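Participant: Sharing protein14.csv here; it has CSV, C-alpha atoms.
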chain,number,residue,atom,x,y,z
A,1,MET,CA,-26.8,-7.3,-22.0
A,2,GLU,CA,-25.0,-6.2,-18.8
A,3,PRO,CA,-23.9,-9.1,-16.7
A,4,PRO,CA,-25.7,-9.4,-13.3
A,5,ALA,CA,-23.9,-7.9,-10.3
A,6,GLU,CA,-23.1,-11.3,-8.8
A,7,VAL,CA,-21.5,-12.4,-12.1
A,8,VAL,CA,-19.3,-9.4,-12.0
A,9,HIS,CA,-18.2,-10.3,-8.5
A,10,TRP,CA,-17.3,-13.8,-9.7
A,11,MET,CA,-15.3,-12.4,-12.6
A,12,PHE,CA,-13.2,-10.3,-10.2
A,13,GLY,CA,-13.0,-13.4,-8.0
A,14,VAL,CA,-11.2,-15.2,-10.9
A,15,GLY,CA,-8.8,-12.3,-11.2
A,16,PHE,CA,-8.1,-12.5,-7.5
A,17,VAL,CA,-7.5,-16.3,-7.6
A,18,PHE,CA,-4.9,-15.8,-10.3
A,19,LEU,CA,-3.3,-12.9,-8.4
A,20,GLY,CA,-3.2,-15.1,-5.3
A,21,LEU,CA,-1.5,-18.0,-7.1
A,22,CYS,CA,1.1,-15.7,-8.5
A,23,LEU,CA,1.8,-14.2,-5.0
A,24,LEU,CA,1.9,-17.6,-3.4
A,25,ALA,CA,4.3,-18.9,-6.0
A,26,GLU,CA,6.5,-15.7,-5.5
A,27,ALA,CA,6.4,-16.3,-1.7
A,28,ILE,CA,7.5,-19.9,-2.2
A,29,VAL,CA,10.4,-19.4,-4.6
A,30,GLY,CA,11.4,-15.9,-3.4
A,31,ALA,CA,11.4,-12.6,-5.3
A,32,GLU,CA,14.9,-13.3,-6.8
A,33,VAL,CA,13.7,-16.4,-8.7
A,34,TRP,CA,10.3,-15.0,-9.5
A,35,ARG,CA,11.7,-11.8,-11.1
A,36,ARG,CA,14.3,-13.7,-13.3
A,37,ARG,CA,11.9,-13.3,-16.2
A,38,ARG,CA,10.8,-9.8,-16.8
A,39,TRP,CA,7.2,-10.7,-17.8
A,40,ARG,CA,6.7,-12.6,-14.6
A,41,ALA,CA,7.8,-9.7,-12.5
A,42,TYR,CA,5.1,-7.6,-14.2
A,43,LEU,CA,2.4,-10.2,-13.9
A,44,TRP,CA,0.7,-9.5,-10.6
A,45,PRO,CA,1.2,-5.7,-10.7
A,46,GLY,CA,-0.2,-5.7,-14.2
A,47,ILE,CA,-3.2,-7.8,-13.1
A,48,ALA,CA,-3.9,-5.4,-10.2
A,49,PHE,CA,-3.7,-2.4,-12.5
A,50,LEU,CA,-6.0,-4.1,-15.1
A,51,MET,CA,-8.5,-5.0,-12.4
A,52,GLY,CA,-8.4,-1.3,-11.3
A,53,ILE,CA,-9.3,-0.3,-14.9
A,54,PHE,CA,-12.1,-2.8,-15.1
A,55,MET,CA,-13.5,-1.4,-11.8
A,56,TRP,CA,-14.4,1.9,-13.5
A,57,PRO,CA,-17.2,0.4,-15.7
A,58,VAL,CA,-18.5,-1.4,-12.6
A,59,MET,CA,-18.6,2.0,-10.9
A,60,VAL,CA,-20.5,3.5,-13.8
A,61,PHE,CA,-23.0,0.8,-14.6
A,62,TYR,CA,-23.6,-1.0,-11.2
A,63,THR,CA,-23.9,1.6,-8.5
A,64,SER,CA,-27.2,2.7,-7.2
A,65,SER,CA,-26.2,5.4,-4.7
A,66,ALA,CA,-23.5,8.0,-4.3
A,67,ILE,CA,-21.8,6.2,-1.4
A,68,HIS,CA,-21.8,2.9,-3.5
A,69,MET,CA,-20.3,4.8,-6.4
A,70,LEU,CA,-17.6,6.4,-4.2
A,71,ALA,CA,-16.6,3.0,-2.8
A,72,HIS,CA,-16.2,1.5,-6.2
A,73,SER,CA,-14.2,4.5,-7.5
A,74,ALA,CA,-12.0,4.2,-4.4
A,75,TRP,CA,-11.3,0.6,-5.2
A,76,ALA,CA,-10.6,1.4,-8.8
A,77,GLN,CA,-8.1,4.1,-7.8
A,78,VAL,CA,-6.2,2.2,-5.2
A,79,MET,CA,-5.9,-0.9,-7.3
A,80,MET,CA,-4.5,1.2,-10.1
A,81,LEU,CA,-2.2,3.0,-7.7
A,82,VAL,CA,-0.9,-0.3,-6.3
A,83,GLY,CA,-0.4,-1.8,-9.8
A,84,ALA,CA,1.3,1.3,-11.1
A,85,ALA,CA,3.6,1.6,-8.0
A,86,GLN,CA,4.6,-2.0,-8.2
A,87,LEU,CA,5.2,-1.8,-11.9
A,88,GLY,CA,7.4,1.2,-11.3
A,89,LEU,CA,9.3,-0.6,-8.6
A,90,VAL,CA,10.0,-3.8,-10.6
A,91,ARG,CA,10.8,-1.8,-13.7
A,92,GLY,CA,13.3,0.3,-11.8
A,93,LYS,CA,11.5,3.6,-12.5
A,94,LEU,CA,10.7,4.0,-8.9
A,95,HIS,CA,13.6,3.6,-6.4
A,96,ASN,CA,12.2,4.7,-3.1
A,97,GLN,CA,10.9,1.6,-1.2
A,98,LEU,CA,8.3,3.8,0.5
A,99,TRP,CA,6.2,3.1,-2.6
A,100,GLU,CA,5.7,-0.3,-1.1
A,101,LEU,CA,3.4,1.5,1.4
A,102,THR,CA,0.9,2.0,-1.4
A,103,LEU,CA,-0.2,-1.6,-0.8
A,104,PRO,CA,-1.2,-1.3,2.9
A,105,LEU,CA,-2.7,2.1,2.1
A,106,ALA,CA,-4.8,0.5,-0.7
A,107,LEU,CA,-6.0,-2.2,1.7
A,108,VAL,CA,-6.9,0.3,4.4
A,109,VAL,CA,-8.8,2.5,1.9
A,110,SER,CA,-10.5,-0.6,0.4
A,111,GLY,CA,-11.4,-2.1,3.7
A,112,LEU,CA,-12.9,1.2,5.0
A,113,ALA,CA,-14.8,1.6,1.8
A,114,PHE,CA,-16.4,-1.8,2.3
A,115,LEU,CA,-17.3,-1.1,5.9
A,116,ILE,CA,-18.5,2.5,5.4
A,117,HIS,CA,-20.7,1.9,2.3
A,118,GLU,CA,-22.3,-1.2,3.8
A,119,GLN,CA,-25.0,0.4,6.0
A,120,ASN,CA,-26.8,-2.8,7.0
A,121,PRO,CA,-25.8,-5.2,9.8
A,122,TRP,CA,-23.8,-8.4,9.3
A,123,PHE,CA,-26.9,-10.8,9.0
A,124,PHE,CA,-29.1,-8.5,6.9
A,125,SER,CA,-28.3,-10.6,3.8
A,126,ARG,CA,-25.4,-12.5,2.4
A,127,SER,CA,-24.2,-9.4,0.5
A,128,ALA,CA,-24.1,-7.4,3.7
A,129,PHE,CA,-22.2,-10.2,5.5
A,130,LEU,CA,-19.7,-10.4,2.7
A,131,HIS,CA,-19.1,-6.6,2.7
A,132,HIS,CA,-18.3,-6.7,6.4
A,133,ALA,CA,-16.2,-9.8,6.0
A,134,LEU,CA,-14.3,-8.3,3.1
A,135,GLY,CA,-13.8,-5.0,4.9
A,136,TRP,CA,-12.3,-6.6,8.0
A,137,THR,CA,-10.2,-9.1,5.9
A,138,LEU,CA,-8.7,-6.2,4.0
A,139,LEU,CA,-8.0,-4.2,7.2
A,140,ALA,CA,-6.3,-7.3,8.7
A,141,GLY,CA,-4.4,-7.8,5.4
A,142,SER,CA,-3.1,-4.2,5.6
A,143,VAL,CA,-1.3,-5.1,8.9
A,144,VAL,CA,0.3,-8.1,7.1
A,145,CYS,CA,1.3,-5.8,4.2
A,146,LEU,CA,2.9,-3.3,6.6
A,147,GLY,CA,5.0,-6.2,7.8
A,148,ARG,CA,5.7,-7.1,4.2
A,149,ALA,CA,6.8,-3.6,3.5
A,150,ALA,CA,9.2,-3.6,6.5
A,151,GLN,CA,10.5,-7.1,5.7
A,152,PRO,CA,10.1,-7.7,1.9
A,153,ARG,CA,11.9,-11.1,2.1
A,154,SER,CA,9.8,-12.5,4.9
A,155,PRO,CA,8.1,-15.7,3.6
A,156,VAL,CA,5.5,-15.4,6.4
A,157,PHE,CA,4.4,-11.9,5.4
A,158,ASN,CA,4.5,-12.7,1.6
A,159,ALA,CA,2.5,-15.9,2.1
A,160,GLY,CA,0.1,-14.1,4.4
A,161,PHE,CA,-0.6,-11.5,1.8
A,162,ALA,CA,-1.2,-14.2,-0.9
A,163,VAL,CA,-3.5,-16.1,1.4
A,164,MET,CA,-5.4,-12.9,2.1
A,165,ILE,CA,-5.9,-12.3,-1.6
A,166,VAL,CA,-7.2,-15.9,-2.0
A,167,ALA,CA,-9.6,-15.3,0.9
A,168,VAL,CA,-10.9,-12.2,-0.9
A,169,ALA,CA,-11.5,-14.3,-4.0
A,170,ALA,CA,-13.4,-16.9,-2.0
A,171,LEU,CA,-15.6,-14.2,-0.5
A,172,LEU,CA,-16.3,-12.7,-3.9
A,173,PHE,CA,-17.3,-16.1,-5.2
A,174,CYS,CA,-19.8,-16.4,-2.3
A,175,ASP,CA,-21.7,-13.3,-3.5
A,176,ARG,CA,-25.3,-13.5,-4.6
A,177,ASN,CA,-27.6,-10.6,-5.6
A,178,VAL,CA,-30.1,-11.6,-2.9
A,179,ALA,CA,-29.5,-14.6,-0.6
A,180,PRO,CA,-29.6,-15.6,3.1
A,181,ILE,CA,-26.6,-15.9,5.3
A,182,PHE,CA,-26.6,-18.7,7.8
A,183,GLY,CA,-30.4,-18.8,7.5
A,184,HIS,CA,-30.8,-15.0,8.0
A,185,LEU,CA,-32.3,-12.8,5.4
A,186,SER,CA,-34.0,-9.5,6.2
A,187,PRO,CA,-37.5,-9.0,4.6
A,188,LEU,CA,-36.1,-5.6,3.6
A,189,ALA,CA,-33.3,-7.1,1.5
A,190,GLY,CA,-35.4,-7.3,-1.6
A,191,ALA,CA,-36.2,-11.0,-1.7
A,192,ARG,CA,-39.3,-11.9,-3.6
B,1,MET,CA,35.5,-36.9,-13.4
B,2,ASP,CA,33.0,-35.6,-16.0
B,3,ALA,CA,30.8,-38.7,-15.5
B,4,GLU,CA,30.8,-38.1,-11.8
B,5,LEU,CA,29.7,-34.5,-12.3
B,6,VAL,CA,26.9,-35.7,-14.7
B,7,ARG,CA,25.8,-38.2,-12.0
B,8,GLN,CA,25.8,-35.5,-9.3
B,9,ARG,CA,23.7,-33.2,-11.5
B,10,ALA,CA,21.3,-36.0,-12.3
B,11,ARG,CA,20.9,-36.7,-8.6
B,12,ALA,CA,20.3,-33.0,-7.9
B,13,ARG,CA,17.6,-32.9,-10.5
B,14,ALA,CA,15.9,-36.0,-9.3
B,15,ARG,CA,15.9,-34.7,-5.7
B,16,HIS,CA,13.3,-31.9,-6.1
B,17,SER,CA,13.3,-29.3,-3.4
B,18,TRP,CA,10.2,-28.6,-1.4
B,19,ARG,CA,9.9,-25.3,-3.2
B,20,ASN,CA,9.8,-27.2,-6.5
B,21,THR,CA,7.1,-29.5,-5.2
B,22,ALA,CA,5.0,-26.7,-3.7
B,23,VAL,CA,5.0,-24.6,-6.8
B,24,SER,CA,4.2,-27.6,-9.0
B,25,ALA,CA,1.3,-28.4,-6.7
B,26,LEU,CA,-0.4,-25.0,-6.8
B,27,GLY,CA,-2.1,-25.4,-10.2
B,28,PRO,CA,-3.4,-28.9,-9.7
B,29,LEU,CA,-4.6,-28.1,-6.1
B,30,THR,CA,-6.5,-25.1,-7.4
B,31,ALA,CA,-8.1,-27.2,-10.2
B,32,LEU,CA,-8.9,-29.9,-7.6
B,33,VAL,CA,-10.6,-27.2,-5.4
B,34,GLY,CA,-12.7,-26.2,-8.5
B,35,LEU,CA,-13.6,-29.8,-9.2
B,36,VAL,CA,-14.7,-30.5,-5.6
B,37,TRP,CA,-16.7,-27.3,-5.7
B,38,ALA,CA,-18.4,-28.4,-8.9
B,39,LEU,CA,-19.3,-31.7,-7.2
B,40,VAL,CA,-20.5,-30.1,-4.0
B,41,GLN,CA,-22.6,-27.4,-5.8
B,42,PRO,CA,-23.4,-28.9,-9.2
B,43,TYR,CA,-26.0,-26.2,-9.8
B,44,ARG,CA,-23.1,-23.8,-10.2
B,45,VAL,CA,-22.2,-25.7,-13.4
B,46,THR,CA,-24.9,-24.2,-15.5
B,47,LEU,CA,-23.7,-26.1,-18.6
B,48,LEU,CA,-25.4,-29.2,-17.1
B,49,ASP,CA,-28.7,-27.5,-17.7
B,50,PRO,CA,-28.1,-24.9,-20.4
B,51,ASP,CA,-31.7,-24.2,-21.3
B,52,LYS,CA,-32.5,-22.7,-17.9
B,53,HIS,CA,-29.8,-20.0,-17.9
B,54,THR,CA,-29.0,-16.8,-19.7
B,55,PHE,CA,-25.8,-16.0,-21.5
B,56,TRP,CA,-23.8,-14.6,-18.5
B,57,TYR,CA,-24.6,-17.5,-16.2
B,58,LEU,CA,-23.5,-19.9,-19.0
B,59,ALA,CA,-20.3,-17.9,-19.7
B,60,ILE,CA,-19.2,-17.4,-16.0
B,61,GLN,CA,-19.3,-20.6,-14.0
B,62,PRO,CA,-17.1,-20.1,-11.0
B,63,PRO,CA,-16.1,-23.8,-10.4
B,64,LEU,CA,-15.1,-24.2,-14.0
B,65,LEU,CA,-13.2,-20.9,-14.0
B,66,VAL,CA,-11.3,-21.9,-10.9
B,67,ILE,CA,-10.3,-25.1,-12.7
B,68,LEU,CA,-9.3,-23.0,-15.7
B,69,VAL,CA,-7.2,-20.7,-13.6
B,70,GLY,CA,-5.4,-23.7,-12.1
B,71,VAL,CA,-4.7,-25.1,-15.5
B,72,VAL,CA,-3.5,-21.8,-17.0
B,73,PHE,CA,-1.3,-21.2,-14.0
B,74,HIS,CA,0.2,-24.7,-14.2
B,75,PHE,CA,0.9,-24.7,-17.9
B,76,TRP,CA,1.8,-21.0,-18.4
B,77,VAL,CA,3.6,-19.8,-15.3
B,78,VAL,CA,4.9,-22.9,-13.6
B,79,PRO,CA,7.2,-24.5,-16.2
B,80,GLY,CA,9.5,-21.4,-16.6
B,81,LEU,CA,9.4,-20.8,-12.8
B,82,ILE,CA,10.5,-24.4,-12.1
B,83,ALA,CA,13.3,-24.1,-14.7
B,84,ASP,CA,14.5,-20.8,-13.1
B,85,LEU,CA,14.2,-22.3,-9.6
B,86,GLU,CA,16.3,-25.4,-10.6
B,87,GLU,CA,18.9,-23.2,-12.2
B,88,VAL,CA,19.3,-21.1,-9.0
B,89,GLU,CA,19.3,-24.2,-6.8
B,90,GLU,CA,21.9,-25.9,-8.9
B,91,GLY,CA,24.0,-22.8,-8.9
B,92,LYS,CA,23.9,-22.7,-5.1
B,93,ALA,CA,24.6,-26.5,-4.7
Now, as a test, write the supplied structure out as structure tokens.

Facilitator:
Amino acid sequence: MEPPAEVVHWMFGVGFVFLGLCLLAEAIVGAEVWRRRRWRAYLWPGIAFLMGIFMWPVMVFYTSSAIHMLAHSAWAQVMMLVGAAQLGLVRGKLHNQLWELTLPLALVVSGLAFLIHEQNPWFFSRSAFLHHALGWTLLAGSVVCLGRAAQPRSPVFNAGFAVMIVAVAALLFCDRNVAPIFGHLSPLAGAR
Amino acid sequence: MDAELVRQRARARARHSWRNTAVSALGPLTALVGLVWALVQPYRVTLLDPDKHTFWYLAIQPPLLVILVGVVFHFWVVPGLIADLEEVEEGKA
């Protein structure tokens, strides 16, 4: 009764869309207004932490190789780290703004995990293409997040981060277990 | 004097800021994207052909879920955010 892998990707896509909307709204109104209600301040860090928790069963039930398992556990850990660090910052338990650097760190680790564990070239299959695209999107996003950590009030960096999260959601929604990409599908990709 | 203040506040409320408009548009735009997606790829809406699909494909239908996210965001997050935004903007005015 386990959901197919592509369905799991779509479920995470839904989480990323909501996350992206929250971040976009925060970028538009500014952190001062967004954090006027306590529950709203906890919303996106809480979602990030929750998605990190949900990544663990994905690691256990959906990985077919050691490198695949390591990549999923890396995503689980960094999502929980970012969620926890942001929760600590908005709650006031953490004071050092260097904790903001957990976000670019998480994106670098996630991006590298995508690129390293995908051992096929871009046009091997849709899944391979998406792994490469997600990896480079996250690495580019880490640069935006570094800017965001340096200038937390910058609407450009905040909106850039939100748009990157929405892009991740769109890429996750494109995932299929086995499907061609721009007409390319390797015969080794497992298509029947 | 009081009447003038009331009129000024009413005018301020009527003149929504671009932030107010942008935040209010996020949910409907998201739902619209989901709707367009459902029209472009109707096979993604498995409820249209329920006998052909298993439980998970019926439960998780990305275009409908994107519409749902837009609706939830619009009715759960946006109203309080708009109220807080107006409060802050009126305070600054």

Participant: Need the shell around Ala179 of chain A: protein/DNA/RNA residues with any atom at most 9 Å away, counting all atoms listed in the file. Skip same-chain ones fewer than 3 positions apart. Format as a VMD selection string?

Facilitator: chain A and resid 125 to 127 175 to 176 184 to 185 189 191

Participant: Please identify every residue of chain A that has at least one atom no more than 10 Å from any atom of chain B, counting all atoms listed in the file, and report them as a PDB file with C-alpha atoms, keeping the file's coordinate frame.

Facilitator:
ATOM      1  CA  MET A   1     -26.800  -7.300 -22.000  1.00  0.00           C
ATOM      2  CA  GLU A   2     -25.000  -6.200 -18.800  1.00  0.00           C
ATOM      3  CA  PRO A   3     -23.900  -9.100 -16.700  1.00  0.00           C
ATOM      4  CA  PRO A   4     -25.700  -9.400 -13.300  1.00  0.00           C
ATOM      5  CA  GLU A   6     -23.100 -11.300  -8.800  1.00  0.00           C
ATOM      6  CA  VAL A   7     -21.500 -12.400 -12.100  1.00  0.00           C
ATOM      7  CA  VAL A   8     -19.300  -9.400 -12.000  1.00  0.00           C
ATOM      8  CA  TRP A  10     -17.300 -13.800  -9.700  1.00  0.00           C
ATOM      9  CA  MET A  11     -15.300 -12.400 -12.600  1.00  0.00           C
ATOM     10  CA  GLY A  13     -13.000 -13.400  -8.000  1.00  0.00           C
ATOM     11  CA  VAL A  14     -11.200 -15.200 -10.900  1.00  0.00           C
ATOM     12  CA  GLY A  15      -8.800 -12.300 -11.200  1.00  0.00           C
ATOM     13  CA  VAL A  17      -7.500 -16.300  -7.600  1.00  0.00           C
ATOM     14  CA  PHE A  18      -4.900 -15.800 -10.300  1.00  0.00           C
ATOM     15  CA  LEU A  21      -1.500 -18.000  -7.100  1.00  0.00           C
ATOM     16  CA  CYS A  22       1.100 -15.700  -8.500  1.00  0.00           C
ATOM     17  CA  LEU A  24       1.900 -17.600  -3.400  1.00  0.00           C
ATOM     18  CA  ALA A  25       4.300 -18.900  -6.000  1.00  0.00           C
ATOM     19  CA  GLU A  26       6.500 -15.700  -5.500  1.00  0.00           C
ATOM     20  CA  ALA A  27       6.400 -16.300  -1.700  1.00  0.00           C
ATOM     21  CA  ILE A  28       7.500 -19.900  -2.200  1.00  0.00           C
ATOM     22  CA  VAL A  29      10.400 -19.400  -4.600  1.00  0.00           C
ATOM     23  CA  GLY A  30      11.400 -15.900  -3.400  1.00  0.00           C
ATOM     24  CA  GLU A  32      14.900 -13.300  -6.800  1.00  0.00           C
ATOM     25  CA  VAL A  33      13.700 -16.400  -8.700  1.00  0.00           C
ATOM     26  CA  TRP A  34      10.300 -15.000  -9.500  1.00  0.00           C
ATOM     27  CA  ARG A  35      11.700 -11.800 -11.100  1.00  0.00           C
ATOM     28  CA  ARG A  36      14.300 -13.700 -13.300  1.00  0.00           C
ATOM     29  CA  ARG A  37      11.900 -13.300 -16.200  1.00  0.00           C
ATOM     30  CA  ARG A  40       6.700 -12.600 -14.600  1.00  0.00           C
ATOM     31  CA  LEU A  43       2.400 -10.200 -13.900  1.00  0.00           C
ATOM     32  CA  PHE A 173     -17.300 -16.100  -5.200  1.00  0.00           C
ATOM     33  CA  CYS A 174     -19.800 -16.400  -2.300  1.00  0.00           C
TER      34      CYS A 174
END

Participant: Between atom CA of Ser73 of chain A and atom CA of Met59 of chain A, what is the spacing in Å?

Facilitator: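 Computing it gives 6.1 Å between the two atoms.
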
Participant: In Å, how far is it from atom CA of Ser110 of chain A to atom CA of Phe54 of chain A?

Facilitator: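 Computing the Euclidean distance for atom CA of Ser110 of chain A and atom CA of Phe54 of chain A yields 15.7 Å.
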
Participant: Please report the interatomic distance between atom CA of Ala3 of chain B and atom CA of His16 of chain B in Å with one decimal.

Facilitator: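 According to the coordinates, atom CA of Ala3 of chain B and atom CA of His16 of chain B are separated by 21.0 Å.
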
Participant: Ranking B:Glu4, B:Val71, B:Lys52, B:Leu58 by minimum distance to Leu29 of chain B and counting only C-alpha atoms, which one comes first?

Facilitator: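 Going through B:Glu4, B:Val71, B:Lys52, B:Leu58 one by one, the smallest distance to Leu29 of chain B is for B:Val71.
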
Participant: Which residues are near Ile47 of chain A? Cut-off 10 Å, all atoms listed in the file, ignore same chain within fewer than 6 positions. Put them as a list of chain:residue names.

Facilitator: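 What passes the distance filter is A:Gly15, A:Phe16, A:Phe18, A:Leu19, A:Ile53, A:Met79, A:Met80, A:Gly83.
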
Participant: For a quick check of understanding, using all atoms listed in the file, which of A:Val78, A:Val156, A:Val90, A:Leu112 has the smallest distance to Pro45 of chain A?

Facilitator: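 Answer, going by the shortest atom-to-atom distance: A:Val90.
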
Participant: Out of A:Leu87, A:Ala128, A:Leu146, A:Ala133, which residue has the shortest atom-to-atom distance to Val108 of chain A when counting all atoms listed in the file?

Facilitator: A:Leu146

Participant: I need the residue nearest Gly183 of chain A from this list: A:Phe123, A:Ile67, A:Pro152, A:Leu138. Use only C-alpha atoms for the distance.

Facilitator: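 Counting only C-alpha atoms, the residue closest to Gly183 of chain A is A:Phe123.
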
Participant: When distances are computed from only C-alpha atoms, which of B:Ile67, B:Trp76, B:Asp51, B:Ser17 shows the smallest separation from Trp37 of chain B?

Facilitator: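 Of B:Ile67, B:Trp76, B:Asp51, B:Ser17, the one nearest Trp37 of chain B, counting only C-alpha atoms, is B:Ile67.
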
Participant: Taking 5 positions as the minimum chain separation for residues in the same chain, which residues sit within 10 Å of Phe61 of chain A when counting only C-alpha atoms? Answer as a count of residues only.

Facilitator: 4

Participant: Residues near Ala106 of chain A, anyone? I mean within 9 Å using all atoms listed in the file, not counting same-chain ones fewer than 3 positions away, as a list in words.

Facilitator: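 Counting only the stated atoms, we get Ala74, Trp75, Gln77, Val78, Met79, Leu81, Val82, Leu101, Thr102, Leu103, Val109, Ser110, Gly111 and Ser142 of chain A.
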